[in-house]
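Data block below; observations after.
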Amino acid sequence: MSTSLILTKKVHDFYGAKFVIASLLIFLAFGYTNYYLIENYFANSFLNTDTSKQDIYFLKSHSLDKMFEKETLNVDEYQKRVTYFKDLSIKNNFKPLDLYIENLKSLKKDSIVIGLDMMSLTTDEMESITNFVNKGGKLIFNYTSGFLDSSFQFRKNHLVNRIAGLSLNPNANTLSFKANEPGFMSTRLLSPITTFLPKGMSLDFTLYDPLPLFITPKTLDADAYLTNWLETNYMHIDNGRELSTEESGVLWHGTKGNGKWVYFSFPSYVFLGDNPKEYENLFKGMLNYLKKKISIMPYTYIDTKNAIFVSEDTEYRYPNFKQFSDVSRKNHFPVTAFCVASLAEENNDLTKKVSKNKYIEIASHSFDHKKIVGESDEVYRKNTIGSKESLDKIIGHGIIGFRPPREEVDEKMIMLLKDGGFKYIFNERENRLAPYYRDGIMVIPRVATDDYSYLINLDWDSEHILQEMIHQANVLVNLNGIFTMSVHTHLMAFGSNISIIDKFFKYVNSQKHMVPMNGAMIYERLDAKRNMSVETTRSTKNFIVTFNNDNPRSVKNVHYEIIVDPNIKITSVESEIIGVKTTLTQETKTKYILNIDSLQARSQIILFLNYDETY
């Protein structure tokens with residue numbers, strides 16, 4: 001009896017021990033799995049509830065202090081500007097602190113510092129700043145940083161050259177603005193610095209001091225350029241000479257060693273002049289770029305950065321429409337023809353025949369090309385919805401584009417266009433580099449010069465006109481903007497003038513970075529893009545990027561530009577869904593291009609960008 005009891009107890013103990021061990025193993029496996037997931041696939045902020053503001057340091061210099069003292073400069077005015085930027089930093093969730101340059105070595109390697117208008121720096125101070133950036137520090141600096149030594153003498157080996165690699169333009173070191181020659185700054189669309197600006201808006205320049213002019217090395221892309229008011233030419237200087245792409249930059253970002261920097265070549269007081277809100281957003285973009293380990297920016301038109309939009313106002317001398325059609329077909333060049341509906345009716349056979357050209361998009365230029373805004377309801381309706389009904393009947397399918405006579409648009413017209421099924425307007429000259437949405441309808445702004453201005457201003461010189469068109473296209477493409485060219489049947493589509501368009505089409509087709517599109521192609525891309533989004537979180541092993549496509553259709557060939565910190569190398573891309581085709585191309589040490597073959601309708605995909613991080 002007792003033996004049996006003892007045996008039973010041992011058996012129970014054996015199974016109890018197995019249960020405890022098994023439970024312990026399951027617990028350990030569960031704990032490891034969760035640790036692995038959190039460590040590798042959850043954002044760093046998953047368990048972090050710290051909401052305190054990040055410190056940001058405003059540099060002080062003993063050499064600069066002495067310069068203000070010796071030259072009896074307005075220290076209060078300078079401090080006012082520093083205070084302004086400190087307030088902006090607070091608005092962006094930073095805690096501003098003052099720091100003398102010799103104390104930079106005490107900061108963490110990824111700290112952000114700002115050096116405003118630091119004209120005078122000692123050699124040791126410049127060395128300290130350079131070492132700070134090299135070791136992983138992040139710097140915003142501007143204007144003539146370190147141009148003057150401790151004796152207030154100019155030196156070539158200044159801080160701008162040491163950090164950014166920018167050298168003064170040997171042909172023109174500086175530019176002074178005259179009262180009748182205001183300057184403008186046009187920002188590049190596909191830039192991590194310009195993220196929070198209205199896309200493609202040029203900013204006024206209020207400048208009282210000579211602006212240093214630099215040469216941008218091939219290893220850098222400027223984020224903003226000096227332009228004239230049309231944004232189709234860079235700034236003109238002495239004797240009417242136009243600055244080149246390399247000479248006209250005024251804002252740059254880049255890396256040095258393990259650190260990052262942002263430099264702008266103008267004084268800090270420019271931020272307090274015209275367009276203060278836009279400049280505030282520009283500063284926000286600088287902070288955002290320095291703070292984030294990765295920036296992911298969609299291409300302007302989903303699969304490309306730019307668009308070349310050539311259209312014809314098909315009105316007087318309507319039969320010349322055939323010449324425009326022929327040259328587009330010959331060059332396989334997509335174009336849009338804004339037809340006056342009453343003339344299309346009179347030339348029914350020609351309109352119908354030309355509409356069969358797969359490179360021509362037929363759109364409306366009103367019914368009778370007369371004034372609409374301010375007229376009767378009947379005139380409004382006839383020239384909007386009525387013109388569409390007429391053209392739809394001729395070509396056999398629905399048109400979606402509208403170009404208003406006299407480039408006049410009001411809210412009443414927009415409502416009628418939307419009700420009638422129009423999707424976009426080609427409108428007047430605006431301070432924009434890219435199409436945008438207004439009350440639910442896409443607006444393509446007229447950015448470049450139209451053919452009338454080319455012909456009159458350039459005295460009908462065909463070669464000169466062609467070269468100016470090519471030049472303007474290159475300026476706008478460099479800004480990732482849209483180049484628009486408006487042709488008229490009685491002007492550049494007339495007679496031998498059409499040869500200018502033919503040669504321009506050939507040039508554009510020879511340039512891989514230039515993409516011709518008609519209005520429908522632009523609309524299709526931008527309409528899809530506004531229903532797409534991307535979100536990024538970071539773990540210690542990868543960036544977790546969520547792509548959302550809320551469109552009722554799939555979107556193909558989606559491109560993103562990715563900018564990472566200099567100490568990060570993306571090693572591979574993995575998808576949570578089998579079968580998602582992606583291509584990652586490294587263009588520079590810190591820039592990658594990600595191509596997603598297709599985003600399915602109303603879908604979400606998550607990509608893991610695996611990376612190595614070293615200091």
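As shown in the structure tokens, the chain order sets the letters A, B, ...; within each chain, residues go from 1, and ligands are also counted from 1 in the order they appear.
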Practice task
List every residue of region 242-405 of chain A that DSSP, applied to the backbone of this structure, places in helix (DSSP H, G or I), and write the result as JSON, numbers by chain.
Solution key: {"A": [268, 269, 270, 271, 272, 276, 277, 278, 279, 280, 281, 282, 283, 284, 285, 286, 287, 288, 289, 290, 291, 318, 319, 320, 321, 322, 323, 324, 325, 326, 327, 328, 329, 330, 331, 341, 342, 343, 344, 345, 346, 348, 349, 350, 351, 352, 353, 354, 377, 378, 379, 380, 381, 382, 383, 385, 386, 387, 388, 389, 390, 391, 392, 393, 394, 395, 405]}
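Once region 227-240 of chain A and its same-chain neighbours fewer than 5 positions away are set aside, Gly183, Phe184, Met185, Ser186, Ser248, Ala448, Gln472, Val475 and Leu476 of chain A remain within 7 Å of it when counting only C-alpha atoms.
Within 9 Å of Lys589 (chain A), once only C-alpha atoms are used and residues closer than 2 positions along the same chain are dropped, the contacting residues are Val564, Pro566, Ile568, Lys569, Gln586, Glu587, Lys591 and Tyr592 of chain A.
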Practice task
Extract, using only C-alpha atoms, all DNA, RNA and protein residues at most 12 Å from Leu107 (chain A), discarding same-chain residues fewer than 3 positions from it, and format them as a PyMOL selection string.
Solution key: chain A and resi 55-57+97+99-104+110-113+128-129+131-133+135-138
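Nearest residue to Glu430 (chain A), choosing from A:Ser202, A:Thr314, A:Phe547, A:Val250 and counting only C-alpha atoms: A:Ser202.
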Problem - Neighbour list for Leu175 (chain A) as a ChimeraX atom specification, cut-off 7 Å, only C-alpha atoms, skip fewer than 2 positions in-chain - result: /A:177,210-213
Export of the given selection (C-alpha atoms) as a compact mmCIF listing (two decimals), in the first residue's frame:
# COMPACT_ATOMS: atom_id res chain seq x y z
CA PHE A 177 19.97 93.64 -55.84
CA PRO A 210 25.58 91.68 -51.31
CA LEU A 211 24.68 88.04 -51.82
CA PRO A 212 27.64 85.64 -52.20
CA LEU A 213 27.50 83.59 -55.40
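Distance-wise, CA of Gly374 (chain A) and CA of Pro405 (chain A) end up 12.8 Å apart.
Distances from A:Tyr359, A:Tyr611, A:Phe152, A:Phe321 to Met67 (chain A) were compared using only C-alpha atoms, and the smallest one belongs to A:Phe152.
Considering only C-alpha atoms, the residue among A:Asn348, A:Ser268, A:Asn383, A:Asn542 positioned nearest to Val82 (chain A) is A:Ser268.
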Exercise for the section: Identify, on the basis of only C-alpha atoms, every residue whose closest approach to His464 (chain A) does not exceed 10 Å; exclude the query and any residue fewer than 4 positions from it along the same chain; express the result as a PyMOL selection string. Expected result: chain A and resi 454-455+458-460+468-470+500
